[in-house]
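Participant: Below is the file upload.cif, with mmCIF, C-alpha atoms.
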data_target
#
loop_
_atom_site.label_atom_id
_atom_site.label_comp_id
_atom_site.auth_asym_id
_atom_site.auth_seq_id
_atom_site.Cartn_x
_atom_site.Cartn_y
_atom_site.Cartn_z
CA MET A 1 0.00 0.00 0.00
CA PRO A 2 1.16 3.57 -0.69
CA GLY A 3 2.90 5.20 2.23
CA ILE A 4 3.93 1.88 3.88
CA ARG A 5 7.54 0.85 3.77
CA ARG A 6 8.97 -2.49 4.84
CA ARG A 7 12.40 -2.76 6.28
CA PRO A 8 14.63 -4.96 4.08
CA GLY A 9 15.18 -7.46 6.92
CA THR A 10 11.44 -7.92 7.48
CA LEU A 11 10.85 -9.68 4.16
CA VAL A 12 13.91 -11.89 4.67
CA ALA A 13 12.77 -12.87 8.16
CA SER A 14 9.29 -13.62 6.85
CA ASN A 15 10.67 -15.87 4.11
CA GLN A 16 12.91 -17.66 6.60
CA GLY A 17 9.95 -18.23 8.92
CA MET A 18 7.92 -19.72 6.09
CA LYS A 19 10.81 -22.00 5.13
CA THR A 20 11.20 -23.12 8.72
CA LYS A 21 7.51 -23.94 8.98
CA SER A 22 7.68 -25.86 5.72
CA ILE A 23 10.64 -27.86 7.00
CA PHE A 24 8.80 -28.67 10.23
CA ARG A 25 5.70 -29.73 8.31
CA ALA A 26 7.75 -31.92 5.97
CA THR A 27 9.63 -33.46 8.90
CA GLY A 28 6.36 -34.11 10.69
CA ARG A 29 4.94 -35.83 7.63
CA CYS A 30 8.08 -37.99 7.36
CA PHE A 31 7.87 -39.01 11.01
CA ALA A 32 4.17 -39.75 10.67
CA ALA A 33 4.78 -41.83 7.56
CA GLY A 34 7.66 -43.67 9.27
CA ALA A 35 5.57 -44.35 12.36
CA GLY A 36 2.70 -45.61 10.22
CA LEU A 37 5.01 -47.89 8.27
CA ALA A 38 6.57 -49.22 11.48
CA ALA A 39 3.14 -49.86 12.99
CA ALA A 40 1.97 -51.64 9.85
CA SER A 41 5.14 -53.76 9.72
CA TYR A 42 4.79 -54.69 13.38
CA ALA A 43 1.12 -55.61 12.93
CA ALA A 44 2.02 -57.79 9.94
CA TYR A 45 4.76 -59.51 11.94
CA VAL A 46 2.39 -60.16 14.86
CA GLY A 47 -0.10 -61.75 12.50
CA LEU A 48 2.58 -63.88 10.88
CA ALA A 49 3.96 -64.99 14.25
CA TRP A 50 0.45 -65.97 15.33
CA VAL A 51 -0.17 -68.03 12.20
CA ARG A 52 3.25 -69.69 12.27
CA TYR A 53 3.24 -70.53 15.97
CA GLY A 54 4.21 -74.17 16.40
CA GLU A 55 5.61 -74.46 12.87
CA VAL A 56 9.27 -75.14 13.60
CA GLY A 57 9.97 -76.18 10.04
CA SER A 58 12.10 -79.05 8.85
CA ALA A 59 14.97 -80.60 10.74
CA PRO A 60 17.84 -78.17 11.34
CA HIS A 61 20.90 -78.16 9.13
CA PRO A 62 23.43 -80.71 10.40
CA GLU A 63 25.71 -77.88 11.52
CA ASP A 64 22.88 -76.42 13.63
CA GLU A 65 21.98 -79.68 15.37
CA ASP A 66 22.49 -79.50 19.11
CA ARG A 67 22.68 -82.80 20.97
CA GLU A 68 22.98 -81.13 24.36
CA LEU A 69 19.84 -79.09 23.81
CA ASP A 70 18.04 -82.15 22.37
CA ARG A 71 18.54 -83.92 25.70
CA PHE A 72 16.30 -81.42 27.45
CA MET A 73 13.86 -80.36 24.74
CA PRO A 74 13.74 -82.66 21.69
CA SER A 75 10.26 -81.37 20.80
CA TYR A 76 9.37 -77.69 20.83
CA GLU A 77 6.84 -75.18 19.54
CA ILE A 78 9.15 -72.19 19.18
CA VAL A 79 12.75 -72.09 18.01
CA GLU A 80 15.07 -69.19 17.22
CA ARG A 81 18.58 -69.77 15.91
CA HIS A 82 21.23 -67.11 15.31
CA ARG A 83 24.88 -67.43 14.38
CA ILE A 84 27.91 -65.45 13.23
CA ARG A 85 31.33 -66.37 11.89
CA VAL A 86 34.20 -65.25 14.11
CA ARG A 87 37.89 -65.01 13.30
CA ALA A 88 38.99 -66.41 16.65
CA PRO A 89 39.41 -69.88 18.18
CA ALA A 90 36.26 -71.43 19.62
CA SER A 91 37.57 -71.21 23.20
CA LEU A 92 38.01 -67.42 22.93
CA THR A 93 34.64 -67.00 21.23
CA PHE A 94 32.90 -68.99 23.96
CA ALA A 95 34.67 -66.99 26.66
CA ALA A 96 33.60 -63.73 25.02
CA ALA A 97 29.99 -64.96 24.85
CA THR A 98 29.78 -66.06 28.47
CA ASP A 99 31.54 -62.90 29.72
CA LEU A 100 29.20 -60.57 27.83
CA ASN A 101 27.26 -58.03 29.89
CA LEU A 102 23.84 -57.58 28.29
CA GLN A 103 23.06 -54.49 30.33
CA GLN A 104 25.81 -52.59 28.52
CA SER A 105 23.62 -52.51 25.42
CA PRO A 106 21.23 -49.50 25.31
CA LEU A 107 19.09 -51.42 22.82
CA VAL A 108 18.65 -54.38 25.17
CA ARG A 109 17.95 -52.11 28.15
CA GLY A 110 15.35 -50.29 26.08
CA ILE A 111 13.61 -53.55 25.14
CA PHE A 112 13.44 -54.64 28.78
CA ARG A 113 12.05 -51.24 29.78
CA GLY A 114 9.54 -51.50 26.94
CA ARG A 115 8.24 -54.81 28.30
CA GLU A 116 7.82 -53.24 31.73
CA TRP A 117 5.78 -50.43 30.20
CA ILE A 118 3.63 -52.66 27.99
CA MET A 119 2.98 -55.29 30.69
CA ARG A 120 2.69 -52.67 33.46
CA SER A 121 5.09 -54.70 35.54
CA ASP A 122 7.06 -53.51 38.52
CA PRO A 123 10.45 -51.97 37.72
CA ALA A 124 13.10 -54.65 37.55
CA PRO A 125 15.66 -54.65 40.37
CA GLN A 126 19.10 -53.32 39.63
CA PRO A 127 20.82 -56.07 37.61
CA VAL A 128 23.81 -57.77 39.16
CA ALA A 129 27.18 -56.77 37.85
CA GLY A 130 28.90 -59.42 35.84
CA SER A 131 28.46 -61.69 32.86
CA VAL A 132 25.29 -62.66 31.06
CA ILE A 133 25.36 -66.06 32.80
CA GLU A 134 25.57 -64.44 36.25
CA GLN A 135 22.79 -62.02 35.35
CA MET A 136 20.52 -64.78 34.05
CA ARG A 137 21.12 -66.94 37.11
CA ALA A 138 20.27 -63.98 39.34
CA ILE A 139 16.77 -63.75 37.83
CA GLY A 140 16.06 -67.47 38.00
CA TRP A 141 17.63 -69.30 35.08
CA GLY A 142 19.43 -72.55 35.87
CA MET A 143 22.26 -74.36 34.14
CA LEU A 144 21.15 -77.59 32.50
CA ALA A 145 24.43 -78.65 30.88
CA GLU A 146 27.89 -77.40 30.03
CA VAL A 147 30.59 -78.49 27.63
CA PRO A 148 33.64 -76.63 28.97
CA GLY A 149 34.92 -74.06 26.52
CA ARG A 150 32.26 -74.91 23.94
CA GLU A 151 28.64 -74.68 25.10
CA ILE A 152 26.30 -73.89 27.96
CA VAL A 153 22.59 -74.78 28.15
CA MET A 154 20.31 -72.72 30.41
CA GLY A 155 16.67 -73.41 31.23
CA ALA A 156 13.69 -72.44 33.35
CA VAL A 157 9.94 -72.89 33.63
CA THR A 158 7.80 -69.78 33.71
CA GLN A 159 4.55 -68.02 32.86
CA PRO A 160 5.87 -65.24 30.61
CA TRP A 161 2.44 -63.69 30.03
CA VAL A 162 2.15 -62.42 33.63
CA ALA A 163 3.28 -58.87 34.38
CA ASN A 164 5.93 -59.75 36.95
CA VAL A 165 7.41 -62.85 35.37
CA VAL A 166 9.19 -65.39 37.58
CA PHE A 167 11.72 -67.90 36.24
CA ARG A 168 12.04 -71.19 38.14
CA PRO A 169 15.28 -73.12 37.75
CA LEU A 170 15.08 -76.90 37.87
CA ALA A 171 17.62 -79.68 38.05
CA PRO A 172 18.27 -81.25 34.62
CA ASP A 173 16.18 -84.40 35.27
CA GLU A 174 13.36 -82.36 36.78
CA PHE A 175 13.35 -80.01 33.80
CA VAL A 176 12.90 -82.90 31.37
CA ALA A 177 10.08 -84.42 33.43
CA PHE A 178 8.28 -81.16 34.23
CA HIS A 179 4.70 -81.10 32.94
CA ASP A 180 2.79 -79.01 35.49
CA PRO A 181 -0.15 -77.29 33.77
CA ASP A 182 -0.16 -73.62 32.76
CA TYR A 183 3.60 -73.25 32.29
CA VAL A 184 6.13 -72.84 29.51
CA LYS A 185 9.51 -74.57 29.46
CA ILE A 186 12.30 -72.54 27.87
CA ALA A 187 15.88 -73.58 27.14
CA TRP A 188 18.61 -71.60 25.40
CA THR A 189 22.26 -72.01 24.56
CA LEU A 190 25.48 -70.16 23.98
CA ARG A 191 27.79 -72.23 21.80
CA ALA A 192 31.04 -71.88 19.84
CA ASP A 193 32.03 -74.41 17.17
CA PRO A 194 35.58 -74.51 15.78
CA VAL A 195 36.15 -73.94 12.08
CA GLY A 196 39.77 -74.79 11.56
CA HIS A 197 42.33 -73.61 14.10
CA ASP A 198 41.79 -69.86 14.10
CA GLU A 199 38.08 -69.48 13.31
CA SER A 200 34.78 -70.46 14.85
CA VAL A 201 31.03 -70.00 14.59
CA PHE A 202 29.14 -68.52 17.53
CA ARG A 203 25.58 -69.84 17.85
CA THR A 204 22.69 -69.11 20.15
CA GLU A 205 19.46 -71.09 20.09
CA THR A 206 16.23 -70.71 22.07
CA ARG A 207 13.48 -73.33 22.30
CA ALA A 208 10.15 -73.22 24.13
CA ILE A 209 7.17 -75.50 24.65
CA ALA A 210 3.93 -75.09 26.63
CA THR A 211 2.86 -77.79 29.06
CA ASP A 212 -0.87 -77.81 28.22
CA PRO A 213 -3.44 -76.23 25.84
CA SER A 214 -4.26 -73.38 28.25
CA ALA A 215 -0.62 -72.36 28.52
CA ARG A 216 -0.21 -72.77 24.78
CA ALA A 217 -3.04 -70.32 24.05
CA LYS A 218 -1.62 -67.72 26.44
CA PHE A 219 1.93 -68.17 25.24
CA ARG A 220 0.93 -68.01 21.59
CA ARG A 221 -0.68 -64.62 22.15
CA TYR A 222 2.27 -63.39 24.22
CA TRP A 223 4.90 -64.66 21.76
CA SER A 224 3.14 -63.07 18.80
CA PHE A 225 3.43 -59.62 20.38
CA VAL A 226 6.82 -59.74 22.10
CA SER A 227 8.89 -62.03 19.87
CA PRO A 228 10.37 -59.13 17.84
CA GLY A 229 12.01 -57.80 21.00
CA ILE A 230 13.19 -61.25 22.07
CA ILE A 231 14.71 -61.86 18.65
CA VAL A 232 16.46 -58.49 18.72
CA VAL A 233 18.02 -59.33 22.09
CA ARG A 234 19.41 -62.58 20.65
CA TRP A 235 20.60 -60.78 17.52
CA ALA A 236 22.24 -58.09 19.66
CA LEU A 237 24.55 -60.72 21.13
CA LEU A 238 26.25 -61.48 17.85
CA GLY A 239 28.17 -58.29 17.10
CA PRO A 240 29.65 -57.74 20.59
CA VAL A 241 30.67 -61.40 20.90
CA LYS A 242 32.42 -61.31 17.53
CA ALA A 243 34.20 -58.03 18.29
CA ASP A 244 35.37 -59.13 21.74
CA ALA A 245 36.49 -62.58 20.61
CA GLU A 246 38.49 -61.17 17.71
CA ARG A 247 40.07 -58.56 20.01
CA ARG A 248 41.10 -61.34 22.40
CA ALA A 249 42.60 -63.28 19.51
CA ARG A 250 44.63 -60.26 18.39
CA ASP A 251 45.83 -59.60 21.93
CA ALA A 252 46.82 -63.24 22.41
CA THR A 253 48.68 -63.50 19.10
CA PRO A 254 50.32 -60.34 17.69
CA GLY A 255 49.60 -60.12 13.98
CA PHE A 256 46.59 -62.43 14.25
CA GLY A 257 43.88 -61.54 11.76
CA ARG A 258 46.06 -59.36 9.54
CA SER A 259 46.40 -60.17 5.88
CA ASP A 260 49.84 -60.58 4.27
CA SER A 261 49.57 -57.17 2.63
CA GLU A 262 48.79 -55.59 5.99
CA GLU A 263 51.82 -57.27 7.51
CA GLU A 264 54.00 -55.97 4.67
CA ARG A 265 52.72 -52.42 5.14
CA ARG A 266 53.36 -52.71 8.86
CA TYR A 267 57.08 -53.33 8.30
CA ASP A 268 57.59 -50.91 5.38
#
Take the structure I supplied and represent it as structure tokens, if you would.
Facilitator:
Amino acid sequence: MPGIRRRPGTLVASNQGMKTKSIFRATGRCFAAGAGLAAASYAAYVGLAWVRYGEVGSAPHPEDEDRELDRFMPSYEIVERHRIRVRAPASLTFAAATDLNLQQSPLVRGIFRGREWIMRSDPAPQPVAGSVIEQMRAIGWGMLAEVPGREIVMGAVTQPWVANVVFRPLAPDEFVAFHDPDYVKIAWTLRADPVGHDESVFRTETRAIATDPSARAKFRRYWSFVSPGIIVVRWALLGPVKADAERRARDATPGFGRSDSEEERRYD
């Protein structure tokens, strides 16, 4: 309008404000789209887990067979297997796995806190300091078998669908014979298999079976919703175990893990 003057900076500030608002709107749309996609993916996974419950597939690959675990749970309704190749001897890989502290992982801590929030359970007590085996024993898991330097089998009976879950350790023979109604039996392993002299494969396997139809119905519903978090916890073991085992191998044997070209460059 005639007689009205705008300061030069006013128009610039106005344009910047509009750009900022546009950026915020675009960012909001991206977050909304991402959240919607994540929700849809999770819902699809829950449905798939529900449909596939009890379908453990064909017999495992010969390399994945576990005779120790078969002693305690030859039949099962749920199985999860994860593995990773490690450039370290099996003894070092197994030591790295059993020494691992799960609570050092922000991802794992977040998953545990998420279960507390979803199930409205009481806050978990401060975890004991130490290895994953010590931490699992502290909350009720018992050792079923051990092959020194190679494998450990842990197990418990529980009702995982309750808010404040309790794990009951049993002696190996009692675990096999346990069939009390309205419970789930769970067994899992940490295992390192040698591949030649300087390499190994780290494996972790989890099996579960309900003791009666009532428990099976409850566990099927629970597993369908929480299995993504459980699988992520198992998957989160792999990277730290590999890194720690390979570090131990390098510390134990100078030059271990370096290629010939790296060795040549080292002495140039």
Participant: List every residue of region 109-200 of chain A that has an atom at most 10 Å from any atom of region 243-256 of chain A, and for each one report the closest atom pair and its distance in Å to one decimal, counting all atoms listed in the file, with rows sorted by chain and then by increasing residue number, as JSON lines.
Facilitator:
{"residue": "A:Asp198", "atom": "CA", "partner": "A:Ala249", "partner_atom": "CA", "distance": 8.6}
{"residue": "A:Glu199", "atom": "CA", "partner": "A:Glu246", "partner_atom": "CA", "distance": 9.4}
{"residue": "A:Ser200", "atom": "CA", "partner": "A:Ala245", "partner_atom": "CA", "distance": 9.9}
Participant: What do you get, as a PyMOL selection string, if you spell out every residue that the PyMOL selection byres ((chain A and resi 79) around 9) selects here?
Facilitator: chain A and resi 54+56+76-78+80-81+205-208
Participant: Could you tell me which residues the PyMOL selection byres ((chain A and resi 160) around 12) grabs in this file, written as an MDAnalysis selection string?
Facilitator: chainID A and resid 115 119 121 156:159 161:168 182:186 208:210 215:216 218:223 225:227 230
Participant: Do you have the CA of Met143 (chain A)-CA of Pro169 (chain A) distance handy?
Facilitator: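 CA of Pro169 (chain A) lies at a distance of 8.0 Å from CA of Met143 (chain A).
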Participant: Check the smallest atom-to-atom distance from each of A:Leu69, A:Thr189, A:Val195, A:Val86 to Val241 (chain A) using all atoms listed in the file, then report the winner.
Facilitator: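 Checking each candidate against Val241 (chain A), we get A:Val86 as the closest.
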Participant: Let me make sure I understand: among A:Ala192, A:Ile118, A:Ile133, A:Ala177, which one has the smallest atom-to-atom distance to Val147 (chain A) if we use only C-alpha atoms?
Facilitator: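 Once distances to Val147 (chain A) are computed over only C-alpha atoms, the minimum belongs to A:Ala192.
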Participant: List, as number ranges by chain, every residue that the PyMOL selection byres ((chain A and resi 176) around 12) selects in the file provided.
Facilitator: A: 69-75, 144, 155-157, 169-175, 177-180, 185-187, 209, 211
Participant: For a test of reading the model, state the distance in Å between CA of Phe202 (chain A) and CA of Val51 (chain A), rounded to one decimal.
Facilitator: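 These atoms are spaced 29.8 Å apart.
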Participant: Which region 178-243 of chain A residues have any atom within 9 Å of an atom of region 94-109 of chain A, and for each, what is the nearest pair of atoms with distance in Å to one decimal, counting only C-alpha atoms, rows sorted by chain and number, as JSON lines?
Facilitator:
{"residue": "A:Leu190", "atom": "CA", "partner": "A:Ala97", "partner_atom": "CA", "distance": 6.9}
{"residue": "A:Arg191", "atom": "CA", "partner": "A:Phe94", "partner_atom": "CA", "distance": 6.4}
{"residue": "A:Ala192", "atom": "CA", "partner": "A:Phe94", "partner_atom": "CA", "distance": 5.4}
{"residue": "A:Asp193", "atom": "CA", "partner": "A:Phe94", "partner_atom": "CA", "distance": 8.7}
{"residue": "A:Phe202", "atom": "CA", "partner": "A:Phe94", "partner_atom": "CA", "distance": 7.5}
{"residue": "A:Gly229", "atom": "CA", "partner": "A:Val108", "partner_atom": "CA", "distance": 8.6}
{"residue": "A:Val232", "atom": "CA", "partner": "A:Val108", "partner_atom": "CA", "distance": 8.0}
{"residue": "A:Val233", "atom": "CA", "partner": "A:Val108", "partner_atom": "CA", "distance": 5.9}
{"residue": "A:Ala236", "atom": "CA", "partner": "A:Val108", "partner_atom": "CA", "distance": 7.6}
{"residue": "A:Leu237", "atom": "CA", "partner": "A:Ala97", "partner_atom": "CA", "distance": 7.8}
{"residue": "A:Leu238", "atom": "CA", "partner": "A:Ala97", "partner_atom": "CA", "distance": 8.7}
{"residue": "A:Pro240", "atom": "CA", "partner": "A:Leu100", "partner_atom": "CA", "distance": 7.8}
{"residue": "A:Val241", "atom": "CA", "partner": "A:Ala97", "partner_atom": "CA", "distance": 5.4}
{"residue": "A:Lys242", "atom": "CA", "partner": "A:Ala96", "partner_atom": "CA", "distance": 8.0}
{"residue": "A:Ala243", "atom": "CA", "partner": "A:Ala96", "partner_atom": "CA", "distance": 8.8}
Participant: Work out how far apart CA of Ile84 (chain A) and CA of Gly149 (chain A) are and give it in Å to one decimal.
Facilitator: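 Distance between the two atoms: 17.3 Å.
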Participant: In terms of the shortest atom-to-atom distance over all atoms listed in the file, which of A:Trp235, A:Pro62, A:Pro89, A:Asp212 is closest to His197 (chain A)?
Facilitator: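 Of the candidates, the smallest distance to His197 (chain A) is held by A:Pro89.
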Participant: Measuring atom to atom with all atoms listed in the file, identify which of A:Arg85, A:Arg120, A:His61, A:Arg67 is nearest to Ile152 (chain A).
Facilitator: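 Closest to Ile152 (chain A) of all the choices is A:Arg67.
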Participant: Output as a short mmCIF file (atom, residue, chain, number, x, y, z; two decimals), in the coordinates of the input: region 99-110 of chain A, completed with all heavy atoms.
Facilitator:
data_model
loop_
_atom_site.label_atom_id
_atom_site.label_comp_id
_atom_site.auth_asym_id
_atom_site.auth_seq_id
_atom_site.Cartn_x
_atom_site.Cartn_y
_atom_site.Cartn_z
N ASP A 99 31.14 -64.08 28.94
CA ASP A 99 31.54 -62.90 29.72
C ASP A 99 30.73 -61.66 29.36
O ASP A 99 30.84 -60.63 30.03
CB ASP A 99 33.03 -62.58 29.49
CG ASP A 99 33.94 -63.61 30.16
OD1 ASP A 99 33.44 -64.37 31.00
OD2 ASP A 99 35.14 -63.64 29.81
N LEU A 100 29.94 -61.74 28.32
CA LEU A 100 29.20 -60.57 27.83
C LEU A 100 28.26 -60.02 28.90
O LEU A 100 27.62 -60.77 29.63
CB LEU A 100 28.39 -60.96 26.60
CG LEU A 100 27.59 -59.85 25.91
CD1 LEU A 100 28.53 -58.86 25.24
CD2 LEU A 100 26.64 -60.45 24.88
N ASN A 101 28.20 -58.70 28.98
CA ASN A 101 27.26 -58.03 29.89
C ASN A 101 26.14 -57.43 29.06
O ASN A 101 26.32 -56.41 28.38
CB ASN A 101 27.99 -56.94 30.68
CG ASN A 101 27.09 -56.28 31.72
OD1 ASN A 101 25.86 -56.36 31.64
ND2 ASN A 101 27.69 -55.62 32.69
N LEU A 102 24.96 -58.04 29.11
CA LEU A 102 23.84 -57.58 28.29
C LEU A 102 23.41 -56.16 28.63
O LEU A 102 22.96 -55.41 27.77
CB LEU A 102 22.64 -58.52 28.47
CG LEU A 102 22.55 -59.76 27.59
CD1 LEU A 102 21.32 -60.55 27.95
CD2 LEU A 102 22.56 -59.39 26.12
N GLN A 103 23.55 -55.79 29.90
CA GLN A 103 23.06 -54.49 30.33
C GLN A 103 23.88 -53.34 29.77
O GLN A 103 23.51 -52.17 29.90
CB GLN A 103 23.03 -54.42 31.86
CG GLN A 103 22.02 -55.35 32.50
CD GLN A 103 20.59 -55.02 32.09
OE1 GLN A 103 20.24 -53.85 31.91
NE2 GLN A 103 19.76 -56.03 31.94
N GLN A 104 25.01 -53.64 29.14
CA GLN A 104 25.81 -52.59 28.52
C GLN A 104 25.21 -52.13 27.19
O GLN A 104 25.64 -51.11 26.65
CB GLN A 104 27.25 -53.08 28.30
CG GLN A 104 28.03 -53.26 29.60
CD GLN A 104 29.45 -53.74 29.36
OE1 GLN A 104 29.76 -54.29 28.30
NE2 GLN A 104 30.31 -53.54 30.34
N SER A 105 24.24 -52.86 26.69
CA SER A 105 23.62 -52.51 25.42
C SER A 105 22.40 -51.62 25.65
O SER A 105 21.42 -52.06 26.25
CB SER A 105 23.19 -53.77 24.67
OG SER A 105 22.35 -53.45 23.58
N PRO A 106 22.41 -50.37 25.17
CA PRO A 106 21.23 -49.50 25.31
C PRO A 106 20.00 -50.10 24.64
O PRO A 106 18.88 -49.93 25.13
CB PRO A 106 21.67 -48.20 24.62
CG PRO A 106 23.16 -48.22 24.65
CD PRO A 106 23.54 -49.67 24.52
N LEU A 107 20.21 -50.80 23.53
CA LEU A 107 19.09 -51.42 22.82
C LEU A 107 18.42 -52.47 23.69
O LEU A 107 17.19 -52.51 23.82
CB LEU A 107 19.58 -52.05 21.52
CG LEU A 107 18.54 -52.80 20.67
CD1 LEU A 107 17.44 -51.85 20.23
CD2 LEU A 107 19.21 -53.45 19.47
N VAL A 108 19.21 -53.32 24.32
CA VAL A 108 18.65 -54.38 25.17
C VAL A 108 17.96 -53.76 26.38
O VAL A 108 16.86 -54.18 26.75
CB VAL A 108 19.77 -55.35 25.61
CG1 VAL A 108 19.24 -56.34 26.65
CG2 VAL A 108 20.31 -56.11 24.40
N ARG A 109 18.58 -52.77 27.00
CA ARG A 109 17.95 -52.11 28.15
C ARG A 109 16.63 -51.48 27.74
O ARG A 109 15.64 -51.55 28.48
CB ARG A 109 18.87 -51.03 28.73
CG ARG A 109 20.13 -51.57 29.38
CD ARG A 109 20.74 -50.52 30.32
NE ARG A 109 21.00 -49.27 29.64
CZ ARG A 109 22.14 -48.98 29.01
NH1 ARG A 109 23.13 -49.87 28.97
NH2 ARG A 109 22.32 -47.80 28.43
N GLY A 110 16.59 -50.90 26.56
CA GLY A 110 15.35 -50.29 26.08
C GLY A 110 14.25 -51.31 25.86
O GLY A 110 13.08 -51.06 26.17
#
